[in-house]
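A.B. asks: Okay, here's the structure, questions in a sec.
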Number of protein chains: 2
Amino acid sequence: MTISQRHLITRDLAAVAMGQKPADLILKNGKLVDVCTARVRPSCDIAVYKGFIALVGNSDHILIDADTKVIDVNGKYLCPGLIDSHMHVESSMVDLPSFAAGVLPHGTTTICPDIHEITNVLGMDALRLFKESAQGLPLKVLTAMPVCVPSLPGMEDAGASIGPDDVMTAYEQGLAFLQGEQMNFPGVIYGDETVHQITGHGLRAGKVLTGHYAGDDLNAGLNAYVASGMIADHETTTAEGAMARAQLGMVVQQRYGSAWLDLPNLITAITENPGVDTRFFTLVTDDVTPATIAHEGHLVRVVRKAVSLGLNPIAALQMATINAAQLLEQSQWIGSLTPGRAADILVVESLAEFEIAQVYSDGRLVAENRSMAVDMPEYRYPDWAVNTVYLNALTPDDFPITSASGPRVSARVIQLIPGSVNTLSTRVEMPVIEGQIKADPEKDIAKAGMFYRHKPGGAENSRALGLVSGTGFKPGCAYASTVSHDCHNLLVVGMDDDAMTLAANTLIDSKGGIVVVENGKVLAHLALPLGGLMSLGSVETAARGVTAIESAMVRIGCPHPAFEMTMSLLGLVVLGELRLSNRGLVEMKDGAAPEFVDLILF
Amino acid sequence: MTISQRHLITRDLAAVAMGQKPADLILKNGKLVDVCTARVRPSCDIAVYKGFIALVGNSDHILIDADTKVIDVNGKYLCPGLIDSHMHVESSMVDLPSFAAGVLPHGTTTICPDIHEITNVLGMDALRLFKESAQGLPLKVLTAMPVCVPSLPGMEDAGASIGPDDVMTAYEQGLAFLQGEQMNFPGVIYGDETVHQITGHGLRAGKVLTGHYAGDDLNAGLNAYVASGMIADHETTTAEGAMARAQLGMVVQQRYGSAWLDLPNLITAITENPGVDTRFFTLVTDDVTPATIAHEGHLVRVVRKAVSLGLNPIAALQMATINAAQLLEQSQWIGSLTPGRAADILVVESLAEFEIAQVYSDGRLVAENRSMAVDMPEYRYPDWAVNTVYLNALTPDDFPITSASGPRVSARVIQLIPGSVNTLSTRVEMPVIEGQIKADPEKDIAKAGMFYRHKPGGAENSRALGLVSGTGFKPGCAYASTVSHDCHNLLVVGMDDDAMTLAANTLIDSKGGIVVVENGKVLAHLALPLGGLMSLGSVETAARGVTAIESAMVRIGCPHPAFEMTMSLLGLVVLGELRLSNRGLVEMKDGAAPEFVDLILF
C-alpha cells in the first residue's frame, strides 16, 4: 500500500488506533525520537497497519490477533527511516534492487536519485527503467528528472539528449518526482532560454527543483539562481556558502560522499552559530562508491559524521528525516514517526553511534543487524538496457596518432591532477616516429581514446585520440572504462596499442565496465552491463570489483588512491581545462567558452 | 502576476538579481528577519520585480530606471507578511474586499478562510463567490473547503448541505485550496463512512486537511484522528494538548480570537520546554469580531500576545509566516523574504511591539501607518448572494406557544450561560394563559423562534418555538439575528410578540442582520445582506454596528459582555445540551445521541 492508496484505509487506521481492529505490528517500549519537536519520548509504542503508522504513544489498548507481531524493543531508540534527497545510484555501480539491498540495512529508506548518468546512455527509457525496477522494492525511490544531458551539447555525443519537451513529458507521464540538479548555473543566472524553459516546466508541474550552484558569487549570482526556482543545493563547500543558501530559503544539502567530503566545512555554519534554526539543512551522499556502502554505510555515515563534528544527534537526525521530507513536501508521508505516515522505522542502539539493529520499511522488517532480512524482487532487464556498448572489436590500428609533420611536434596534453577533479591543458614536444606520435612511459605520457558507443553507427562512429599525463602507467599497460562522465563513451588510456586494444575489447565483450591490462593480460575486470555503468550483482561484489580495479591500477604504476574516479572524469568536457570527447579535444580555460582544439599544434 | 505565472519571468528575476534589468522596487537598509534560520541580517536590501523578490542582500549593483521605486527603510525591520492558516471571514461580519482592507494594514497578507458559515447559506455557490470576490485583492485568499455543512444533518435545515461529491467537485473545479476543519471528530475516530469519504477526497486531491479535534483523549482518539489525515488543529485549549499534537506531526494552530483566548494556555508548551523545535506551531485567529480588528489588529495581535507571554519574537514571527507556509506546502511562494517568493513584506518599527509602518503585497505598497494606501476593487454581488432571507413578513400570530393542557405545564427551557458556549436543558413550570405559554420577564424566561429562511418555500417553511432563560431582557424587548450558527436561520428572542415581530420584520426587510427592539422601537440594527451574515461596509462600520447592538442589549436588560455571541450559538444543535433548530428543540446530553424533544412535557 502506497501513499496514493492511503485514503482507502483511513477508517482502518482510525479503528486500529481506537483499539477496535487488530494492528499488524506493535513496537513496544521504545525511546521515540520525535523529530517534529526535537525531543525524545521515553517509553513509547508504535502500532502499524498495512504499512502506515496508526498510533504513536501507549499501545496497551491496541487489539492484537494471531497475525499481529508484537516486538519489545526494550528501550532502544525508534527513529524515522533516513531520506537521501540528492544522490546518484550509478556512482555505486549496482542496479536499483542491489542498491536497495545495500543501503536498507544502513537505514536509508527513501532516496531521490538523480539518474543523469544512465539517462546519458538510455535517455527517457532510463526513467522508465528506474520506475519499473523500483516496483516492489522496500525502498522509496523518488526519482529526480535529469536536466543536463549531455553536459555540453554540441561538443560531445551521449546516448541521448534531454530537452525541455522531454522534461515536460517526464512530468506528464509520472516518470519523475522532482527536478534534478541544474548544473548549468551560468545558463540560469545569465538567462539561457532553454535552461529557463526547463525550469519553467518544473515550476508549472509543481516540482521541487534542485540545484547545483558552483559559483562563488553569494550575492547577485546565488540570488539569481534561487529566484529562478531552485530551492535546494548540494554544491557548497564552505560554511559561508551554506549559511548564504539557507538565508535565501534554499535548503542546504550538506554533502559527504566518498570523495566529496564537504560536511566538515559546512557544519560550522550551525555548530558555531548557536540558536540557528536548522530546518533548511539536510544531509546527502551525492556519490558514494560501493566500497563506502559496504564498509561504512550510507546516509547513516553522514549522520554519524555530523554528530562526531559536534552536531546534536537529534538535529542531525532531523536533517536526514523531517527536514528532507519538508523540502520534498512529503512530510505527510515520510520523515517522522507520526500517525498516518509510512512505517519506515529504525530501531537504534544509541543516538551517538547510531548502530541500527532493525529497519522497518512500510511496517515490514527488511533488515536486521546490518543484513537484509528479506529478498529483493528480481528485475529482468530488457536487452536494450544491458546491451549498450555498440562497437565492433577494435584493433591496434584504431589507436595510432598520426602526424605528417615532424620530426618533432608540439602537442596538447591533458594533465591529470591526482585528488582533484581538475585538469590542466599543457603542451609537450613529442617526436614523430614513422609518422606516429607514440605514448612515452618515461615521460608519463599515455595515449587516450574516446569511442562513441551508444547506438550502432550512431554519431558517425566518432572517436578521438589524445595524450594524457599523470597516470604513471608502466609500459605495456592500459585502462578502459565505459563509466566516463557524463556521456559515458568508451574511454581507453594506455601506453601500448595492443594493451589498449585488449582493454577496449574486453569491455566490448562484457558490454561495459572497467578493466586494467598489463602486458597482454587482464589484471582486473569489473563488468557493468547495465547501461555500461552498473553491475547486476550486489554492492559487496561491486565493492570487491572496484577494489580489484584500484589495486590493479596501483600495480600498473598509478600510485594515487581513488585515481579511477579521476580517470572517469577525463571526458567531462564541461569541467575544463582540457578534456577528450568522442568529437575531439575540448579546451575551456580562463573563462572563455569551450572550443575544439587540435592535438598537434605545429 | 501570481505564483502560477512565476515560471514566465524566471529569466527576468535572474536578470534583475544580476543587475542586468531594472528592479521595480528596492527596499534598502533594513534589518531583515530571516525566518529560515531564525536570525536577523543587519543592513539588508530587497529587490523586487513584478511582485516577486529577485534579490535579498546587497543591492548596490541592482539596476534602477525612472520607474524603480527606491525606499530607504532606515534600519527598520523587514518581515514576511503574516499568514493566518485558520480563520472565518464571516465572524468579522464584512465581505472579503472589506476584510482585506481591514487586515492588510495590520500585516496579514495571506488568509485561509474556512467559509462554512456562508456555505451553510449558499452552498457551493459560496465557494464560487469567494473565488470571484478575491480576484484582484492584494490579499492572498487560500480558501478551505467546508466539510461540515450542516453541523448535524437531519436535525436542522441550512441553505445547503455539503457531501463527499461536493468536496470532490470543489477540488476538481479549483474552488478550494485546502480542506476545512473536520468538526465531526467522533465521526472520524469511530469510522463514519461519509466523513471518511470526504477525508479520502481531500487526500486524493493532495490537499492539506485541517482539523477540529475537541476530544480529551490524547492517545487513542487523537492518534485515530491524525492517522485519518488531519495534520493541523486549532482546537486544543491546553499546553498538554498542544504538545501531544505537535509530537504526532499535527501542526498546532494556536488560537487567539476575540472570544476563544487559548494562546496563553498553549504557549507554555514552548516557553516551559527550552529547546523544543517550534516548527509545528502556528498562530491563528479563528474568529475575530470587526471590533477586534479595528481596535487591536488581526494576526499581528496574536504575534504580539505571544511575545508578551515570553516567546522569542523571531519564533513568534516564524509561527505566523514560515511555519504556516510549510504547513500549507507553500514555502516556495510565501512565508519568507527570499528570492523567487512573493514580495509580501512588512516594514516594522520594533520586533517587541511589532508596530507595522508599511505593508507590501506582491511588491505593492498597500498600507501605511495602519491605513490602506490603495483602494480595493469593488465587487458587485449577484442578487442571490445579497437576497437570502426568504420569509414573508411575520405577524404576532407567528409567535404564540399554545398548549391544550393547563392550567400549568412543565416546559423545557434553554438556559443560556453568560461567557460560555454551553447551555443547560432545564424544566420550568409555566402557567397556560388563554391556551398559551407566554414569556415571563420576571422569571427571565423569553420566547425564542427559529424560522427557516434560505429558500422560498424551502424546508416546508419550517419554524419552531422554544423558551430561553438567561437573557435578562425587559418586558417589551426583543432581539433577532440571521447570524445563528451554523444554519443561520432567523432567530428571534423576546419577551413580547409584537417586539419579536418588529425585530423579525426589520431583518426580513434588510435581508439579514442583527436587531434589538425595545417597546415598539428599533434600538439598534446592523444590516448584513451578504448571505444574511456580512455587511457590505467597512470593518470600522461593522465594528460600530456590533458595538451599537451590544450597547442596546445592555440597555434592554442583558448585562453580560459579548452576549450577542452567546445568542448566536443558541441554534448550534451540535453543541448540546438543549438548542432550538428550525425543526424543533434538540437535546443532546450525557453522551447520548441528539434527539428532538417536546417543549411541553405534560
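Chain labels A, B, ... are given in the sequence in which chains occur in the C-alpha cells; within each chain residues are numbered consecutively from 1, and ligands are likewise numbered from 1 in the order shown.
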What are the DSSP alpha helix (DSSP H) residues of segment 273-499 of chain B, as an MDAnalysis selection string?

C.D. replies: chainID B and resid 290:296 299:308 313:319 322:327 383:386 497:499

A.B. asks: Give me, as a JSON list (two decimals) with C-alpha atoms, in the first residue's frame, the residues of chain A touching chain B, with the criterion being at most 7 Å (counting only C-alpha atoms).

C.D. replies:
[["chain", "number", "residue", "atom", "x", "y", "z"],
["A", 4, "SER", "CA", -1.57, 7.24, -3.07],
["A", 7, "HIS", "CA", -7.18, 7.27, 1.56],
["A", 8, "LEU", "CA", -8.61, 3.79, 1.18],
["A", 10, "THR", "CA", -8.20, 5.84, 6.88],
["A", 11, "ARG", "CA", -11.15, 4.14, 8.59],
["A", 13, "LEU", "CA", -6.17, 3.25, 10.69],
["A", 14, "ALA", "CA", -8.63, 5.01, 12.96],
["A", 15, "ALA", "CA", -10.08, 1.67, 14.06],
["A", 17, "ALA", "CA", -5.76, 3.46, 16.86],
["A", 18, "MET", "CA", -9.05, 3.19, 18.74],
["A", 34, "ASP", "CA", 10.30, 12.86, 17.87],
["A", 36, "CYS", "CA", 8.84, 17.23, 14.98],
["A", 37, "THR", "CA", 9.57, 18.78, 18.35],
["A", 38, "ALA", "CA", 13.20, 17.59, 18.66],
["A", 39, "ARG", "CA", 12.61, 15.63, 21.81],
["A", 54, "ALA", "CA", -1.81, 4.08, 13.25],
["A", 55, "LEU", "CA", -0.69, 5.12, 16.72],
["A", 56, "VAL", "CA", 2.34, 6.54, 18.49],
["A", 57, "GLY", "CA", 2.09, 6.51, 22.26],
["A", 58, "ASN", "CA", 0.60, 3.97, 24.60],
["A", 189, "ILE", "CA", 21.88, 33.25, -13.94],
["A", 190, "TYR", "CA", 22.63, 34.64, -17.41],
["A", 191, "GLY", "CA", 19.18, 33.74, -18.68],
["A", 196, "HIS", "CA", 14.79, 28.55, -18.20],
["A", 200, "GLY", "CA", 9.59, 26.67, -16.18],
["A", 203, "LEU", "CA", 7.67, 25.05, -11.77],
["A", 204, "ARG", "CA", 4.48, 24.59, -13.75],
["A", 219, "ASN", "CA", 25.03, 37.81, -3.68],
["A", 220, "ALA", "CA", 23.95, 38.50, -7.28],
["A", 221, "GLY", "CA", 24.64, 35.06, -8.68],
["A", 223, "ASN", "CA", 20.11, 35.24, -5.64],
["A", 224, "ALA", "CA", 19.58, 34.94, -9.40],
["A", 225, "TYR", "CA", 19.84, 31.19, -9.14],
["A", 226, "VAL", "CA", 17.38, 30.85, -6.23],
["A", 227, "ALA", "CA", 15.00, 33.41, -7.72],
["A", 228, "SER", "CA", 14.81, 31.20, -10.80],
["A", 229, "GLY", "CA", 13.28, 28.44, -8.75],
["A", 246, "ALA", "CA", 19.77, 28.81, 3.98],
["A", 247, "GLN", "CA", 19.22, 32.53, 4.44],
["A", 248, "LEU", "CA", 17.85, 32.70, 0.93],
["A", 249, "GLY", "CA", 15.38, 29.92, 1.60],
["A", 276, "VAL", "CA", 20.31, 28.96, 14.34],
["A", 277, "ASP", "CA", 17.22, 27.22, 13.02],
["A", 278, "THR", "CA", 18.45, 24.12, 11.18],
["A", 280, "PHE", "CA", 16.85, 24.34, 5.99],
["A", 329, "GLU", "CA", 6.85, 18.49, 0.52],
["A", 338, "THR", "CA", 3.68, 10.03, 13.45],
["A", 339, "PRO", "CA", 0.20, 8.72, 12.66],
["A", 340, "GLY", "CA", -0.80, 8.36, 9.04]]

A.B. asks: Tell me, as a ChimeraX atom specification, which residues lie within 7 Å of segment 455-468 of chain B, counting only C-alpha atoms; anything in the same chain fewer than 6 positions away does not count.

C.D. replies: /B:157,159,390,401,413-415,445-449,580-584,599

A.B. asks: Could you turn the residues from that selection into a file that holds N, CA and C atoms, as a short mmCIF file (atom, residue, chain, number, x, y, z; two decimals), in the first residue's frame?

C.D. replies:
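The resulting part-v4.cif:
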data_model
loop_
_atom_site.label_atom_id
_atom_site.label_comp_id
_atom_site.auth_asym_id
_atom_site.auth_seq_id
_atom_site.Cartn_x
_atom_site.Cartn_y
_atom_site.Cartn_z
N ASP B 157 -32.11 22.55 9.08
CA ASP B 157 -32.04 22.82 7.65
C ASP B 157 -31.24 24.09 7.39
N GLY B 159 -29.13 26.35 4.17
CA GLY B 159 -29.43 26.66 2.78
C GLY B 159 -28.85 25.63 1.83
N TYR B 390 -35.57 34.57 2.78
CA TYR B 390 -36.83 34.33 2.08
C TYR B 390 -37.93 34.02 3.07
N ILE B 401 -47.05 30.29 21.71
CA ILE B 401 -46.81 28.89 22.06
C ILE B 401 -48.09 28.39 22.71
N VAL B 413 -36.74 24.44 29.04
CA VAL B 413 -36.21 25.79 28.84
C VAL B 413 -34.71 25.70 28.56
N ILE B 414 -34.30 26.40 27.51
CA ILE B 414 -32.85 26.50 27.18
C ILE B 414 -32.24 27.53 28.11
N GLN B 415 -31.36 27.09 28.98
CA GLN B 415 -30.73 28.06 29.88
C GLN B 415 -29.38 28.48 29.31
N ILE B 445 -37.72 34.44 31.58
CA ILE B 445 -37.98 33.42 30.56
C ILE B 445 -38.54 34.11 29.32
N ALA B 446 -37.72 34.05 28.25
CA ALA B 446 -38.13 34.66 26.99
C ALA B 446 -38.61 33.58 26.04
N LYS B 447 -39.30 34.00 25.00
CA LYS B 447 -39.66 33.07 23.93
C LYS B 447 -38.61 33.19 22.82
N ALA B 448 -38.44 32.08 22.12
CA ALA B 448 -37.49 32.09 21.00
C ALA B 448 -38.15 31.42 19.82
N GLY B 449 -37.86 31.94 18.65
CA GLY B 449 -38.36 31.31 17.43
C GLY B 449 -37.22 31.14 16.44
N LEU B 580 -32.31 25.17 19.83
CA LEU B 580 -33.50 25.32 19.00
C LEU B 580 -33.11 25.35 17.53
N SER B 581 -33.57 24.38 16.76
CA SER B 581 -33.39 24.45 15.30
C SER B 581 -34.72 24.77 14.66
N ASN B 582 -34.72 24.98 13.36
CA ASN B 582 -35.98 25.25 12.67
C ASN B 582 -36.92 24.06 12.71
N ARG B 583 -36.38 22.89 13.07
CA ARG B 583 -37.23 21.70 13.14
C ARG B 583 -37.73 21.41 14.55
N GLY B 584 -37.20 22.14 15.54
CA GLY B 584 -37.68 21.91 16.89
C GLY B 584 -36.56 21.95 17.91
N LEU B 599 -41.36 20.59 23.70
CA LEU B 599 -41.25 21.79 24.53
C LEU B 599 -42.04 21.60 25.83
#

A.B. asks: Calculated over only C-alpha atoms, which of the candidates B:Met534, B:Met183, B:Leu266, B:Leu82 has the smallest distance to Gln318 of chain B?

C.D. replies: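 Among the listed residues, the smallest separation from Gln318 of chain B belongs to B:Leu82.
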
A.B. asks: Just checking: using only C-alpha atoms, which residue out of A:Tyr479, A:Phe563, A:Phe602, A:Tyr213 ends up closest to Leu502 of chain A?

C.D. replies: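 Nearest to Leu502 of chain A: A:Tyr479.
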
A.B. asks: So which residues of segment 166-379 of chain A fall under strand (DSSP E or B) by DSSP, listed as a VMD selection string?

C.D. replies: chain A and resid 178 to 182 209 to 211 232 to 233 251 to 255 281 to 284 286 342 345 to 348 356 to 361 364 to 368 371 to 372

A.B. asks: Using only C-alpha atoms, which protein or nucleic acid residues come within 8 Å of His212 of chain A? Drop anything in the same chain fewer than 6 positions from it, and give the result as a list in words.

C.D. replies: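 Neighbouring residues, sequence-local ones excluded: Glu181, Gln182, Met183, Asn184, Phe185, Asp233, His234 and Glu235 of chain A.
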
A.B. asks: Quick one: of B:Leu585, B:Ile118, B:Val307, B:Val483, who's nearest to Leu96 of chain B, counting only C-alpha atoms?

C.D. replies: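 When distances to Leu96 of chain B are compared using only C-alpha atoms, the smallest one comes from B:Ile118.
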
A.B. asks: Quick one, how far is atom CA of Asp444 of chain A from atom CA of Thr471 of chain A?

C.D. replies: 6.8 Å

A.B. asks: Rounded to one decimal, what separation in Å do you get between atom CA of Leu601 of chain A and atom CA of Val586 of chain A?

C.D. replies: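 Calculated distance between atom CA of Leu601 of chain A and atom CA of Val586 of chain A is 14.1 Å.
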
A.B. asks: Rank nothing, just name the residue among A:Val167, A:Ala393, A:Leu27, A:Leu152 nearest to Met124 of chain A, using only C-alpha atoms.

C.D. replies: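 Ranked by minimum distance to Met124 of chain A, first place goes to A:Val167.
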
A.B. asks: To one decimal in Å, tell me the separation between atom CA of Leu175 of chain B and atom CA of Ser133 of chain B.

C.D. replies: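 Pair atom CA of Leu175 of chain B / atom CA of Ser133 of chain B returns 12.3 Å.
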
A.B. asks: Nearest to Val386 of chain A among A:Gly211, A:Pro529, A:Gly557, A:Gly512, with distances taken over only C-alpha atoms: which residue is it?

C.D. replies: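 Residue with the minimum atom-to-atom distance to Val386 of chain A: A:Pro529.
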
A.B. asks: Please provide as a VMD selection string all residues within 9 Å of Thr68 of chain B, with the sequence filter that same-chain residues fewer than 4 positions apart are discarded (counting only C-alpha atoms).

C.D. replies: chain B and resid 22 to 26 63 to 64

A.B. asks: Excluding Val516 of chain A and any residue of its chain fewer than 6 positions from it, enumerate the residues within 10 Å of it, using only C-alpha atoms, and give them as a PyMOL selection string.

C.D. replies: chain A and resi 477-481+492-494+499-500+502-504+506+522-526+548-553+555-556

A.B. asks: Skipping near chain neighbours, those fewer than 5 positions away, what residues fall within 6 Å of Pro105 of chain B using only C-alpha atoms, listed as a ChimeraX atom specification?

C.D. replies: /B:367,370-372
